[in-house]
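Novice: Encoded as structure tokens, here's the structure I'll be asking about.
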Amino acid sequence: MSDGERMNFCLSDLVPPLRWSDAARITALADRPGLPDAWWRTLPLHRVLAVLDAEALGDLLTELAVDHWPAAAVGDVLPALHVLDPDDADDPQVAIALDRAGSWPGLLALSGRELADQPFIRARPVLTALFSAVFLRMSPEGARQVSPPIPAPISVPVEDPPDEQAAVEEDPDIPELIDAAFGDLDDQTWMVAQNRVFAGEPSDPEQLARLLAVPPDVIHDLDAALRDRLSRWLALPEAKPYNEHLAWLTDTFGVAVPEQRFVTAAEWHERELRSLELPAWRFVLATLPGYRLSGDWIVAGDIEELRERTRSLIASAERPPTVPQALEMIGSLGVRPDVARQWLESVPQLRAQKASQVDPDRQQDRQPGGQQGGQQGGQQGGQQGGLKDVALTRRCFRQPDGRWWLRVDVSGDHLHGGEVPLPSGFAAYVHLAPGEDRTVRSAAGEVGLSWHARPVLGSLQRILGEVSAEEGSHIFLTLSEEGMLRVRHLPAANGGDQTSRALRLVGYTAPSGTAEQAARVIAARVGLTAPAGRPELLARLRERGDRDLLTLLG
């Protein structure tokens with residue numbers, strides 16, 4: 001039985017915009033041979049898929065998303081995408097879009113309009129591939145191709161004979177302990193375990209409720225009950241070997257460990273738990289008190305707080321420390337020596353500081369004139385905004401994918417191959433250090449990055465040509481975690497009120513709504529945390545030097 005047959009829901013249960021819209025007036029839904037009137041809210045999905053196959057239904061939903069809901073995020077059009085394995089959407093166009101978005105959640109946060117604005121991305125094929133992958137998973141055809149996502153209950157193993165039991169106690173198989181404890185989950189609890197309790201990025205309860213066709217309160221209750229069951233299991237005597245493993249991890253890794261090192265810390269971490277159909281390390285992380293995954297690091301507490309403590313510790317030293325001294329210093333924060341250098345390199349601004357502050361001898365060797373050259377470099381850095389946080393850097397905005405993007409207002413010089421100056425705060429964010437030269441990959445070939453007299457990005461002439469950029473239009477730039485230059489183009493605004501123009505300057509292209517809503521969007525994109533009022537927003541813009549936004553917002 002497919003997922004669609006098991007859950008007995010219709011298309012409007014899966015696609016919230018169908019409930020927001022006057023679907024009866026959407027001509028693409030009407031007059032579908034073999035389907036009754038209002039089929040999208042009356043006919044169970046498995047019966048729809050018997051008439052329209054997964055690809056045809058995906059193509060139909062793409063048409064609706066592009067033509068009727070262009071400002072809706074892809075993940076809001078079809079929330080089931082949040083619980084889809086990205087490998088199920090194995091399509092070249094999706095791969096390109098995923099690379100540009102940087103992550104699966106980042107891709108699902110983009111609207112159809114934003115996808116269409118991305119260079120080198122064909123929005124309709126991407127959407128069709130994504131939507132079709134979900135419907136294939138729910139169709140009878142998909143059920144024959146892939147095993148159902150909800151496993152049959154696994155019985156608790158029969159107790160071993162005394163001699164074998166003693167061997168197990170000496171060298172316990174921890175995955176077996178976990179499977180024995182959680183092998184009897186019902187279908188709904190198993191889905192909550194997969195998509196919330198042990199998920200890297202937990203699904204929203206409302207979205208999961210729509211997928212399971214239950215009220216959101218049911219999801220909250222299942223979540224709470226499973227977490228309570230987990231706590232009770234950890235307190236049992238049979239969980240002692242597992243608790244000893246958690247204590248060993250905490251002692252070994254301190255406050256921060258790269259994700260890959262955590263994954264390979266024990267042989268069984270990479271084994272799949274049969275009861276939950278997820279890698280064991282995911283279960284371990286969920287039960288490690290206070291730790292969570294942030295990017296490529298697993299950190300005790302908040303990663304930004306630890307980064308700020310690291311920056312403050314280095315900056316507060318009486319004299320700029322050498323790299324070995326800095327590595328020793330951060331041991332006081334609980335960072336273990338074997339990952340200290342890697343941690344320093346992961347902290348924004350510190351890579352630039354290592355060239356200009358942390359290792360002054362190397363900086364003097366690189367700049368003629370010794371100490372005098374170093375002072376000039378420091379003054380120049382101050383004139384360019386220094387090594388301040390990217391949130392305080394003019395024209396830098398946090399986008400829905402979680403990364404900071406720099407807006408470049410296209411000039412005639414850019415169109416003719418001129419370099420693109422970078423604010424030093426953004427240069428530090430992308431780990432470019434003073435005196436450094438390197439190249440980065442882009443969809444249009446390699447582009448140079450350098451920081452000598454000032455940080456600059458090499459010619460973007462080819463990219464600008466391919467996206468048909470014109471003088472006065474905007475491009476937004478960032479580097480992905482893999483070091484890929486990502487570029488998004490926005491044509492110059494033609495008319496529109498001041499609020500809409502201000503939103504466009506921060507990369508937001510959906511309808512503007514009220515002035516208060518626009519202010520909240522802009523506040524979030526310049527790094528202010530809610531609740532931030534208009535006075536705080538204007539103060540932040542003045543601090544950053546965003547005079548164009550200040551003019552538009554009055």
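By convention in this document, the chains of the structure tokens carry letters A, B, ... by their order, each chain's residues are numbered from 1, and ligands are numbered from 1 in the order they are shown.
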Skip Thr551 in chain A itself and residues of its chain fewer than 4 positions away, then list as number ranges by chain all residues within 9 Å of it, counting only C-alpha atoms.
Specialist: A: 498, 546-547
Novice: Can you pull out the residues contacting range 323-337 of chain A? Cut-off 9 Å, using only C-alpha atoms, and skip same-chain residues under 5 positions away; I want them as a list in words.
Specialist: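 Near range 323-337 of chain A, the qualifying residues are Thr252, Phe253, Gly254, Val255, Ala256, Val257, Leu306, Arg309, Thr310, Leu313, Ile314, Trp343, Leu344, Lys354, Val358 and Asp359 of chain A.
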Novice: Output N, CA, C and O atoms for every residue in that selection, as an mmCIF file, in the first residue's frame.
Specialist:
```
data_model
loop_
_atom_site.group_PDB
_atom_site.id
_atom_site.type_symbol
_atom_site.label_atom_id
_atom_site.label_comp_id
_atom_site.auth_asym_id
_atom_site.auth_seq_id
_atom_site.Cartn_x
_atom_site.Cartn_y
_atom_site.Cartn_z
ATOM 1 N N THR A 252 35.724 13.654 25.354
ATOM 2 C CA THR A 252 36.678 13.609 24.247
ATOM 3 C C THR A 252 36.621 14.854 23.380
ATOM 4 O O THR A 252 37.660 15.396 22.968
ATOM 5 N N PHE A 253 35.423 15.345 23.108
ATOM 6 C CA PHE A 253 35.270 16.406 22.117
ATOM 7 C C PHE A 253 35.122 17.806 22.691
ATOM 8 O O PHE A 253 35.200 18.786 21.952
ATOM 9 N N GLY A 254 34.907 17.958 23.977
ATOM 10 C CA GLY A 254 34.772 19.293 24.529
ATOM 11 C C GLY A 254 33.541 20.002 23.999
ATOM 12 O O GLY A 254 32.503 19.381 23.770
ATOM 13 N N VAL A 255 33.683 21.322 23.776
ATOM 14 C CA VAL A 255 32.498 22.109 23.424
ATOM 15 C C VAL A 255 32.222 22.162 21.931
ATOM 16 O O VAL A 255 31.160 22.639 21.526
ATOM 17 N N ALA A 256 33.154 21.717 21.097
ATOM 18 C CA ALA A 256 32.947 21.820 19.652
ATOM 19 C C ALA A 256 33.695 20.705 18.939
ATOM 20 O O ALA A 256 34.846 20.407 19.273
ATOM 21 N N VAL A 257 33.037 20.102 17.949
ATOM 22 C CA VAL A 257 33.663 19.039 17.171
ATOM 23 C C VAL A 257 33.118 19.110 15.742
ATOM 24 O O VAL A 257 31.920 19.337 15.541
ATOM 25 N N LEU A 306 29.606 30.930 20.985
ATOM 26 C CA LEU A 306 30.974 30.422 21.115
ATOM 27 C C LEU A 306 31.909 31.155 20.158
ATOM 28 O O LEU A 306 33.059 31.456 20.512
ATOM 29 N N ARG A 309 32.622 34.538 21.707
ATOM 30 C CA ARG A 309 33.568 34.398 22.824
ATOM 31 C C ARG A 309 34.988 34.187 22.296
ATOM 32 O O ARG A 309 35.953 34.692 22.866
ATOM 33 N N THR A 310 35.096 33.449 21.192
ATOM 34 C CA THR A 310 36.416 33.233 20.580
ATOM 35 C C THR A 310 36.992 34.544 20.064
ATOM 36 O O THR A 310 38.160 34.872 20.310
ATOM 37 N N LEU A 313 37.980 36.801 22.988
ATOM 38 C CA LEU A 313 39.186 36.339 23.678
ATOM 39 C C LEU A 313 40.440 36.768 22.920
ATOM 40 O O LEU A 313 41.403 37.264 23.520
ATOM 41 N N ILE A 314 40.429 36.594 21.602
ATOM 42 C CA ILE A 314 41.590 36.975 20.801
ATOM 43 C C ILE A 314 41.772 38.497 20.801
ATOM 44 O O ILE A 314 42.883 39.013 20.948
ATOM 45 N N TRP A 343 38.781 25.015 14.368
ATOM 46 C CA TRP A 343 37.753 25.900 14.921
ATOM 47 C C TRP A 343 38.077 27.365 14.618
ATOM 48 O O TRP A 343 37.209 28.125 14.187
ATOM 49 N N LEU A 344 39.334 27.759 14.822
ATOM 50 C CA LEU A 344 39.720 29.143 14.526
ATOM 51 C C LEU A 344 39.419 29.499 13.074
ATOM 52 O O LEU A 344 38.930 30.585 12.774
ATOM 53 N N LYS A 354 44.033 36.634 11.497
ATOM 54 C CA LYS A 354 45.289 35.885 11.582
ATOM 55 C C LYS A 354 46.359 36.509 10.696
ATOM 56 O O LYS A 354 47.534 36.470 11.009
ATOM 57 N N VAL A 358 46.720 38.264 14.426
ATOM 58 C CA VAL A 358 47.140 37.113 15.202
ATOM 59 C C VAL A 358 48.578 36.725 14.941
ATOM 60 O O VAL A 358 49.277 36.280 15.834
ATOM 61 N N ASP A 359 49.077 36.921 13.700
ATOM 62 C CA ASP A 359 50.445 36.528 13.377
ATOM 63 C C ASP A 359 51.182 37.727 12.782
ATOM 64 O O ASP A 359 51.428 37.804 11.581
#
```
Novice: Which of these residues is nearest to Asp409 in chain A, using only C-alpha atoms: A:Leu208, A:Ala340, A:Ala493, A:Ala518?
Specialist: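 Looking at the shortest contact to Asp409 in chain A, the residue is A:Ala493.
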Novice: From the options A:Ala133, A:Ile121, A:Ala286, A:Ala73, which residue's atoms come nearest to Asp87 in chain A, counting only C-alpha atoms?
Specialist: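 Answer, going by the shortest atom-to-atom distance: A:Ala133.
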Novice: Applying 12 Å and only C-alpha atoms, which residues near Asp90 in chain A remain after dropping the ones on its own chain fewer than 2 positions away? List them as a count of residues only.
Specialist: 20
Novice: Set the distance at 12 Å and use only C-alpha atoms: which residues neighbour Arg504 in chain A once local chain neighbours fewer than 5 positions away are removed? I'd like the list as a JSON list (two decimals) with N, CA, C and O atoms, in the first residue's frame.
Specialist:
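The resulting file, out.json, is shown below:
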```
[["chain", "number", "residue", "atom", "x", "y", "z"],
["A", 114, "GLU", "N", 11.56, 33.61, -7.28],
["A", 114, "GLU", "CA", 12.98, 33.70, -6.97],
["A", 114, "GLU", "C", 13.78, 32.64, -7.73],
["A", 114, "GLU", "O", 14.90, 32.91, -8.17],
["A", 395, "ARG", "N", 25.20, 46.98, 2.44],
["A", 395, "ARG", "CA", 24.76, 46.20, 1.28],
["A", 395, "ARG", "C", 24.88, 44.69, 1.48],
["A", 395, "ARG", "O", 24.82, 43.93, 0.52],
["A", 397, "PHE", "N", 23.13, 41.32, 3.17],
["A", 397, "PHE", "CA", 21.81, 40.94, 3.65],
["A", 397, "PHE", "C", 21.72, 39.43, 3.81],
["A", 397, "PHE", "O", 22.20, 38.68, 2.97],
["A", 407, "ARG", "N", 24.95, 42.81, -2.05],
["A", 407, "ARG", "CA", 24.31, 43.40, -3.23],
["A", 407, "ARG", "C", 25.32, 44.27, -3.97],
["A", 407, "ARG", "O", 25.98, 45.12, -3.36],
["A", 409, "ASP", "N", 25.40, 46.87, -7.13],
["A", 409, "ASP", "CA", 24.62, 47.65, -8.09],
["A", 409, "ASP", "C", 25.43, 47.76, -9.38],
["A", 409, "ASP", "O", 26.51, 48.35, -9.40],
["A", 473, "SER", "N", 20.80, 47.56, -12.68],
["A", 473, "SER", "CA", 20.22, 46.35, -12.08],
["A", 473, "SER", "C", 21.09, 45.90, -10.91],
["A", 473, "SER", "O", 22.11, 46.51, -10.59],
["A", 474, "HIS", "N", 20.69, 44.84, -10.25],
["A", 474, "HIS", "CA", 21.39, 44.39, -9.05],
["A", 474, "HIS", "C", 21.77, 42.93, -9.17],
["A", 474, "HIS", "O", 21.01, 42.13, -9.74],
["A", 475, "ILE", "N", 22.93, 42.59, -8.65],
["A", 475, "ILE", "CA", 23.27, 41.18, -8.46],
["A", 475, "ILE", "C", 23.59, 40.98, -6.99],
["A", 475, "ILE", "O", 24.12, 41.86, -6.32],
["A", 476, "PHE", "N", 23.23, 39.80, -6.48],
["A", 476, "PHE", "CA", 23.53, 39.43, -5.11],
["A", 476, "PHE", "C", 24.52, 38.27, -5.16],
["A", 476, "PHE", "O", 24.33, 37.31, -5.91],
["A", 489, "HIS", "N", 20.44, 37.55, -9.92],
["A", 489, "HIS", "CA", 20.25, 38.82, -10.62],
["A", 489, "HIS", "C", 18.84, 39.34, -10.42],
["A", 489, "HIS", "O", 17.87, 38.57, -10.49],
["A", 490, "LEU", "N", 18.72, 40.63, -10.13],
["A", 490, "LEU", "CA", 17.42, 41.29, -10.07],
["A", 490, "LEU", "C", 17.45, 42.47, -11.03],
["A", 490, "LEU", "O", 18.30, 43.38, -10.88],
["A", 491, "PRO", "N", 16.57, 42.51, -12.01],
["A", 491, "PRO", "CA", 16.53, 43.68, -12.91],
["A", 491, "PRO", "C", 16.21, 44.94, -12.11],
["A", 491, "PRO", "O", 15.67, 44.89, -11.01],
["A", 492, "ALA", "N", 16.56, 46.07, -12.68],
["A", 492, "ALA", "CA", 16.26, 47.35, -12.03],
["A", 492, "ALA", "C", 14.76, 47.51, -11.88],
["A", 492, "ALA", "O", 13.98, 47.10, -12.74],
["A", 493, "ALA", "N", 14.34, 48.08, -10.74],
["A", 493, "ALA", "CA", 12.92, 48.28, -10.49],
["A", 493, "ALA", "C", 12.38, 49.38, -11.40],
["A", 493, "ALA", "O", 13.00, 50.43, -11.56],
["A", 494, "ASN", "N", 11.24, 49.10, -12.01],
["A", 494, "ASN", "CA", 10.58, 50.11, -12.84],
["A", 494, "ASN", "C", 9.37, 50.63, -12.07],
["A", 494, "ASN", "O", 8.33, 49.99, -12.01],
["A", 495, "GLY", "N", 9.55, 51.79, -11.46],
["A", 495, "GLY", "CA", 8.45, 52.35, -10.68],
["A", 495, "GLY", "C", 8.27, 51.62, -9.36],
["A", 495, "GLY", "O", 9.20, 51.04, -8.81],
["A", 496, "GLY", "N", 7.05, 51.64, -8.85],
["A", 496, "GLY", "CA", 6.77, 51.02, -7.56],
["A", 496, "GLY", "C", 6.93, 52.01, -6.43],
["A", 496, "GLY", "O", 7.63, 53.02, -6.55],
["A", 497, "ASP", "N", 6.26, 51.73, -5.31],
["A", 497, "ASP", "CA", 6.36, 52.65, -4.18],
["A", 497, "ASP", "C", 7.70, 52.48, -3.48],
["A", 497, "ASP", "O", 8.48, 51.56, -3.76],
["A", 498, "GLN", "N", 7.99, 53.36, -2.55],
["A", 498, "GLN", "CA", 9.29, 53.36, -1.90],
["A", 498, "GLN", "C", 9.51, 52.10, -1.07],
["A", 498, "GLN", "O", 10.63, 51.59, -0.99],
["A", 499, "THR", "N", 8.45, 51.59, -0.46],
["A", 499, "THR", "CA", 8.59, 50.37, 0.35],
["A", 499, "THR", "C", 9.00, 49.19, -0.52],
["A", 499, "THR", "O", 9.90, 48.43, -0.16],
["A", 509, "THR", "N", 11.44, 40.07, -3.22],
["A", 509, "THR", "CA", 10.67, 40.43, -4.41],
["A", 509, "THR", "C", 9.19, 40.08, -4.30],
["A", 509, "THR", "O", 8.44, 40.29, -5.25],
["A", 510, "ALA", "N", 8.75, 39.53, -3.17],
["A", 510, "ALA", "CA", 7.33, 39.24, -3.00],
["A", 510, "ALA", "C", 6.56, 40.54, -2.81],
["A", 510, "ALA", "O", 7.15, 41.60, -2.55],
["A", 511, "PRO", "N", 5.22, 40.51, -2.93],
["A", 511, "PRO", "CA", 4.44, 41.73, -2.68],
["A", 511, "PRO", "C", 4.76, 42.31, -1.31],
["A", 511, "PRO", "O", 4.95, 41.57, -0.34],
["A", 512, "SER", "N", 4.82, 43.64, -1.22],
["A", 512, "SER", "CA", 5.37, 44.28, -0.02],
["A", 512, "SER", "C", 4.48, 44.22, 1.19],
["A", 512, "SER", "O", 4.97, 44.26, 2.32],
["A", 518, "ALA", "N", 7.06, 45.16, 5.88],
["A", 518, "ALA", "CA", 8.30, 45.40, 5.15],
["A", 518, "ALA", "C", 9.45, 45.69, 6.10],
["A", 518, "ALA", "O", 10.57, 45.20, 5.92],
["A", 521, "VAL", "N", 10.75, 42.48, 7.52],
["A", 521, "VAL", "CA", 11.57, 41.74, 6.56],
["A", 521, "VAL", "C", 12.97, 42.33, 6.49],
["A", 521, "VAL", "O", 13.98, 41.62, 6.57],
["A", 522, "ILE", "N", 13.04, 43.66, 6.36],
["A", 522, "ILE", "CA", 14.35, 44.31, 6.23],
["A", 522, "ILE", "C", 15.16, 44.15, 7.50],
["A", 522, "ILE", "O", 16.37, 43.90, 7.47],
["A", 525, "ARG", "N", 16.75, 40.86, 7.56],
["A", 525, "ARG", "CA", 17.81, 40.71, 6.56],
["A", 525, "ARG", "C", 19.08, 41.51, 6.89],
["A", 525, "ARG", "O", 20.11, 41.28, 6.28],
["A", 548, "ASP", "N", 20.84, 54.50, 0.93],
["A", 548, "ASP", "CA", 19.74, 54.34, -0.03],
["A", 548, "ASP", "C", 18.49, 53.81, 0.67],
["A", 548, "ASP", "O", 17.38, 54.28, 0.42],
["A", 549, "LEU", "N", 18.66, 52.85, 1.56],
["A", 549, "LEU", "CA", 17.51, 52.32, 2.30],
["A", 549, "LEU", "C", 16.94, 53.36, 3.26],
["A", 549, "LEU", "O", 15.72, 53.47, 3.41],
["A", 552, "LEU", "N", 14.71, 55.70, 1.35],
["A", 552, "LEU", "CA", 13.43, 55.11, 0.95],
["A", 552, "LEU", "C", 12.50, 54.89, 2.12],
["A", 552, "LEU", "O", 11.28, 54.99, 2.00]]
```
Novice: Please measure the separation of CA of Leu234 in chain A and CA of Ala181 in chain A, giving the value in Å to one decimal.
Specialist: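 Atom-to-atom, CA of Leu234 in chain A to CA of Ala181 in chain A, that is 10.2 Å.
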Novice: Could you pull out the helix (DSSP H, G or I) residues of range 411-455 of chain A from DSSP and send them as a list in words?
Specialist: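 The residues of range 411-455 of chain A classed as helix (DSSP H, G or I) are Gly412, Asp413, His414, Leu415, Ser424, Gly425, Phe426, Ala427, Ala428 and Tyr429 of chain A.
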Novice: What is the CA of Pro348 in chain A-CA of His452 in chain A distance in Å, reported with one decimal?
Specialist: 19.2 Å
Novice: State, in Å with one decimal place, the distance from CA of Val487 in chain A to CA of Ile463 in chain A.
Specialist: 8.3 Å
Novice: Would you mind telling me which residue in A:Gly58, A:Pro105, A:Gly417, A:Pro205 lies nearest to Asp221 in chain A when using only C-alpha atoms?
Specialist: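 Closest to Asp221 in chain A, using only C-alpha atoms: A:Pro205.
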Novice: Residues near Leu78 in chain A, anyone? I mean within 8 Å using only C-alpha atoms, not counting same-chain ones fewer than 5 positions away, as a ChimeraX atom specification.
Specialist: /A:14-16,131
Novice: Could you turn the residues from that selection into a file that holds N, CA and C atoms, as a compact mmCIF listing (two decimals), in the first residue's frame?
Specialist:
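Output file selection.txt is given in full below:
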```txt
# COMPACT_ATOMS: atom_id res chain seq x y z
N LEU A 14 -2.58 18.34 0.89
CA LEU A 14 -1.13 18.40 0.73
C LEU A 14 -0.64 19.76 0.25
N VAL A 15 -1.52 20.53 -0.41
CA VAL A 15 -1.13 21.80 -1.04
C VAL A 15 -1.92 22.93 -0.39
N PRO A 16 -1.41 23.55 0.68
CA PRO A 16 -2.17 24.60 1.38
C PRO A 16 -2.67 25.73 0.50
N PHE A 131 8.08 18.29 -7.29
CA PHE A 131 6.70 17.88 -7.00
C PHE A 131 6.46 16.44 -7.42
```
Novice: Select, from A:Leu45, A:Val410, A:Ile219, A:Val506, the residue with the minimum atom-to-atom distance to Asp204 in chain A, counting only C-alpha atoms.
Specialist: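 Between A:Leu45, A:Val410, A:Ile219, A:Val506, the residue approaching Asp204 in chain A most closely is A:Ile219.
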